[in-house]
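Engineer: Pasting a structure here, questions to come.
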Amino acid sequence: MDSTLKKVSYSVFLDPTQNESDYFAYKIMQKWAKQQKQFAQDPSAAVQLHNQIHIHKDIYLSGLYLHQLKPELAKALASGLSKDTINNKTLNSILEAHQVIERPCPSTASVDTGGSDRLAMAIEKLDSFCTANSNVSSQPHFDGQGFIQTVADSIAPQQVAMEAELSALRSLVEQQTQLIETLIAESKNTVTNEQTASVTEIKPSSGVSERMSNVQKVKKKGIF
């Protein structure tokens, strides 16, 4: 090894079960370690192996740059490491929050352009509205009363038929009611007549009364 090169080893302790950023970093480093073994077994992958070994140097030095620039910025990026946060939008938001970059302010030209565009759209909508109104006014007048009368005339025959049917049903119900009342009255008369006949039949006849009187007289005389 060239004496000008200095080897620096550093162990990073991760907690993938408790920290989401540590878990994400652990899975990536595990993947790189597997790739490094595959490159080491392939003589044609010498360049890939070299880049894979020295990739940690680039990562450390870039983190060191951020730390020297602003320590809290490096810490914020490290704690927010995940698959969903690795994008330009998140990076810009973090840089703006730590005042590394300034929030973009709309220029006067852009504001004026936007106002002009909105004014043009408003004028276009107004023209469309006026055109629509002119088209409506040029159309024939709608006779609402005549339309209602036409609908009523078309419904009238059906209404007459329904009223006739209802009248026939009312007459039928009245006839059936009268018939039921007549049957009930006749039934009452029949029951009354049968009861009178039964009472009449069980009355003792005059001949029986005379015989009973004679029997009483004989008893008094002591024949029995």
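Chains: A, B, ... in order of the structure tokens. Residues: from 1 per chain. Ligands: from 1, in order shown.
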Quick one: residues within 7 Å of stretch 12-29 of chain A, only C-alpha atoms, excluding same-chain residues fewer than 6 positions away - as a VMD selection string?

Structural biologist: chain A and resid 79 to 82

Engineer: A:Leu91: which residues within 12 Å, counting only C-alpha atoms, same-chain residues fewer than 4 positions away excluded, as a PDB file with N, CA, C and O atoms, in the first residue's frame?

Structural biologist:
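The file below, out.pdb, is the result:
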```
ATOM      1  N   LEU A  73     -28.440  20.667  10.103  1.00  0.00           N
ATOM      2  CA  LEU A  73     -28.925  20.244   8.796  1.00  0.00           C
ATOM      3  C   LEU A  73     -28.544  18.792   8.531  1.00  0.00           C
ATOM      4  O   LEU A  73     -29.373  17.997   8.068  1.00  0.00           O
ATOM      5  N   ALA A  74     -27.290  18.439   8.818  1.00  0.00           N
ATOM      6  CA  ALA A  74     -26.858  17.049   8.626  1.00  0.00           C
ATOM      7  C   ALA A  74     -27.671  16.105   9.500  1.00  0.00           C
ATOM      8  O   ALA A  74     -28.054  15.012   9.072  1.00  0.00           O
ATOM      9  N   ALA A  76     -30.749  16.585  10.629  1.00  0.00           N
ATOM     10  CA  ALA A  76     -32.125  16.517  10.119  1.00  0.00           C
ATOM     11  C   ALA A  76     -32.223  15.583   8.925  1.00  0.00           C
ATOM     12  O   ALA A  76     -33.173  14.794   8.813  1.00  0.00           O
ATOM     13  N   LEU A  77     -31.248  15.645   8.033  1.00  0.00           N
ATOM     14  CA  LEU A  77     -31.255  14.747   6.877  1.00  0.00           C
ATOM     15  C   LEU A  77     -31.081  13.294   7.304  1.00  0.00           C
ATOM     16  O   LEU A  77     -31.722  12.392   6.749  1.00  0.00           O
ATOM     17  N   ALA A  78     -30.216  13.066   8.289  1.00  0.00           N
ATOM     18  CA  ALA A  78     -29.989  11.699   8.749  1.00  0.00           C
ATOM     19  C   ALA A  78     -31.221  11.125   9.438  1.00  0.00           C
ATOM     20  O   ALA A  78     -31.574   9.956   9.246  1.00  0.00           O
ATOM     21  N   GLY A  80     -34.299  11.953   8.940  1.00  0.00           N
ATOM     22  CA  GLY A  80     -35.433  11.837   8.026  1.00  0.00           C
ATOM     23  C   GLY A  80     -35.199  10.889   6.884  1.00  0.00           C
ATOM     24  O   GLY A  80     -35.917  10.938   5.880  1.00  0.00           O
ATOM     25  N   LEU A  81     -34.202  10.016   7.010  1.00  0.00           N
ATOM     26  CA  LEU A  81     -33.846   9.103   5.928  1.00  0.00           C
ATOM     27  C   LEU A  81     -34.877   7.986   5.820  1.00  0.00           C
ATOM     28  O   LEU A  81     -35.073   7.206   6.759  1.00  0.00           O
ATOM     29  N   ASP A  84     -39.547   7.187   1.391  1.00  0.00           N
ATOM     30  CA  ASP A  84     -40.529   8.181   0.952  1.00  0.00           C
ATOM     31  C   ASP A  84     -39.995   9.607   0.980  1.00  0.00           C
ATOM     32  O   ASP A  84     -40.610  10.498   0.389  1.00  0.00           O
ATOM     33  N   THR A  85     -38.894   9.829   1.698  1.00  0.00           N
ATOM     34  CA  THR A  85     -38.382  11.206   1.837  1.00  0.00           C
ATOM     35  C   THR A  85     -37.227  11.512   0.911  1.00  0.00           C
ATOM     36  O   THR A  85     -36.757  12.652   0.882  1.00  0.00           O
ATOM     37  N   ILE A  86     -36.756  10.527   0.169  1.00  0.00           N
ATOM     38  CA  ILE A  86     -35.624  10.777  -0.739  1.00  0.00           C
ATOM     39  C   ILE A  86     -36.175  11.310  -2.054  1.00  0.00           C
ATOM     40  O   ILE A  86     -36.452  10.562  -3.003  1.00  0.00           O
ATOM     41  N   ASN A  87     -36.400  12.620  -2.097  1.00  0.00           N
ATOM     42  CA  ASN A  87     -36.884  13.286  -3.298  1.00  0.00           C
ATOM     43  C   ASN A  87     -36.526  14.766  -3.198  1.00  0.00           C
ATOM     44  O   ASN A  87     -36.185  15.289  -2.126  1.00  0.00           O
ATOM     45  N   LEU A  95     -33.924  22.193   3.339  1.00  0.00           N
ATOM     46  CA  LEU A  95     -32.965  23.284   3.129  1.00  0.00           C
ATOM     47  C   LEU A  95     -33.591  24.642   3.411  1.00  0.00           C
ATOM     48  O   LEU A  95     -32.947  25.537   3.979  1.00  0.00           O
ATOM     49  N   GLU A  96     -34.860  24.805   3.028  1.00  0.00           N
ATOM     50  CA  GLU A  96     -35.547  26.063   3.306  1.00  0.00           C
ATOM     51  C   GLU A  96     -35.797  26.226   4.799  1.00  0.00           C
ATOM     52  O   GLU A  96     -35.675  27.332   5.340  1.00  0.00           O
ATOM     53  N   ALA A  97     -36.167  25.108   5.475  1.00  0.00           N
ATOM     54  CA  ALA A  97     -36.433  25.184   6.917  1.00  0.00           C
ATOM     55  C   ALA A  97     -35.187  25.575   7.688  1.00  0.00           C
ATOM     56  O   ALA A  97     -35.281  26.279   8.703  1.00  0.00           O
ATOM     57  N   HIS A  98     -34.010  25.148   7.216  1.00  0.00           N
ATOM     58  CA  HIS A  98     -32.751  25.487   7.897  1.00  0.00           C
ATOM     59  C   HIS A  98     -32.097  26.723   7.288  1.00  0.00           C
ATOM     60  O   HIS A  98     -30.940  27.015   7.595  1.00  0.00           O
ATOM     61  N   VAL A 100     -30.913  27.391   4.475  1.00  0.00           N
ATOM     62  CA  VAL A 100     -29.756  27.207   3.597  1.00  0.00           C
ATOM     63  C   VAL A 100     -30.045  27.818   2.240  1.00  0.00           C
ATOM     64  O   VAL A 100     -29.157  28.395   1.587  1.00  0.00           O
ATOM     65  N   ILE A 101     -31.275  27.708   1.807  1.00  0.00           N
ATOM     66  CA  ILE A 101     -31.722  28.359   0.577  1.00  0.00           C
ATOM     67  C   ILE A 101     -32.945  29.200   0.920  1.00  0.00           C
ATOM     68  O   ILE A 101     -33.656  28.936   1.894  1.00  0.00           O
TER      69      ILE A 101
END
```

Engineer: Within 12 Å of A:Gln36, counting only C-alpha atoms, which residues show up once you throw out same-chain ones fewer than 3 positions away? Write them as a ChimeraX atom specification, please.

Structural biologist: /A:29-33,39-42,45-55

Engineer: Record the distance separating atom CA of A:Tyr10 and atom CA of A:Lys37, expressed in Å with one decimal.

Structural biologist: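 Value for the atom CA of A:Tyr10-atom CA of A:Lys37 distance: 20.4 Å.
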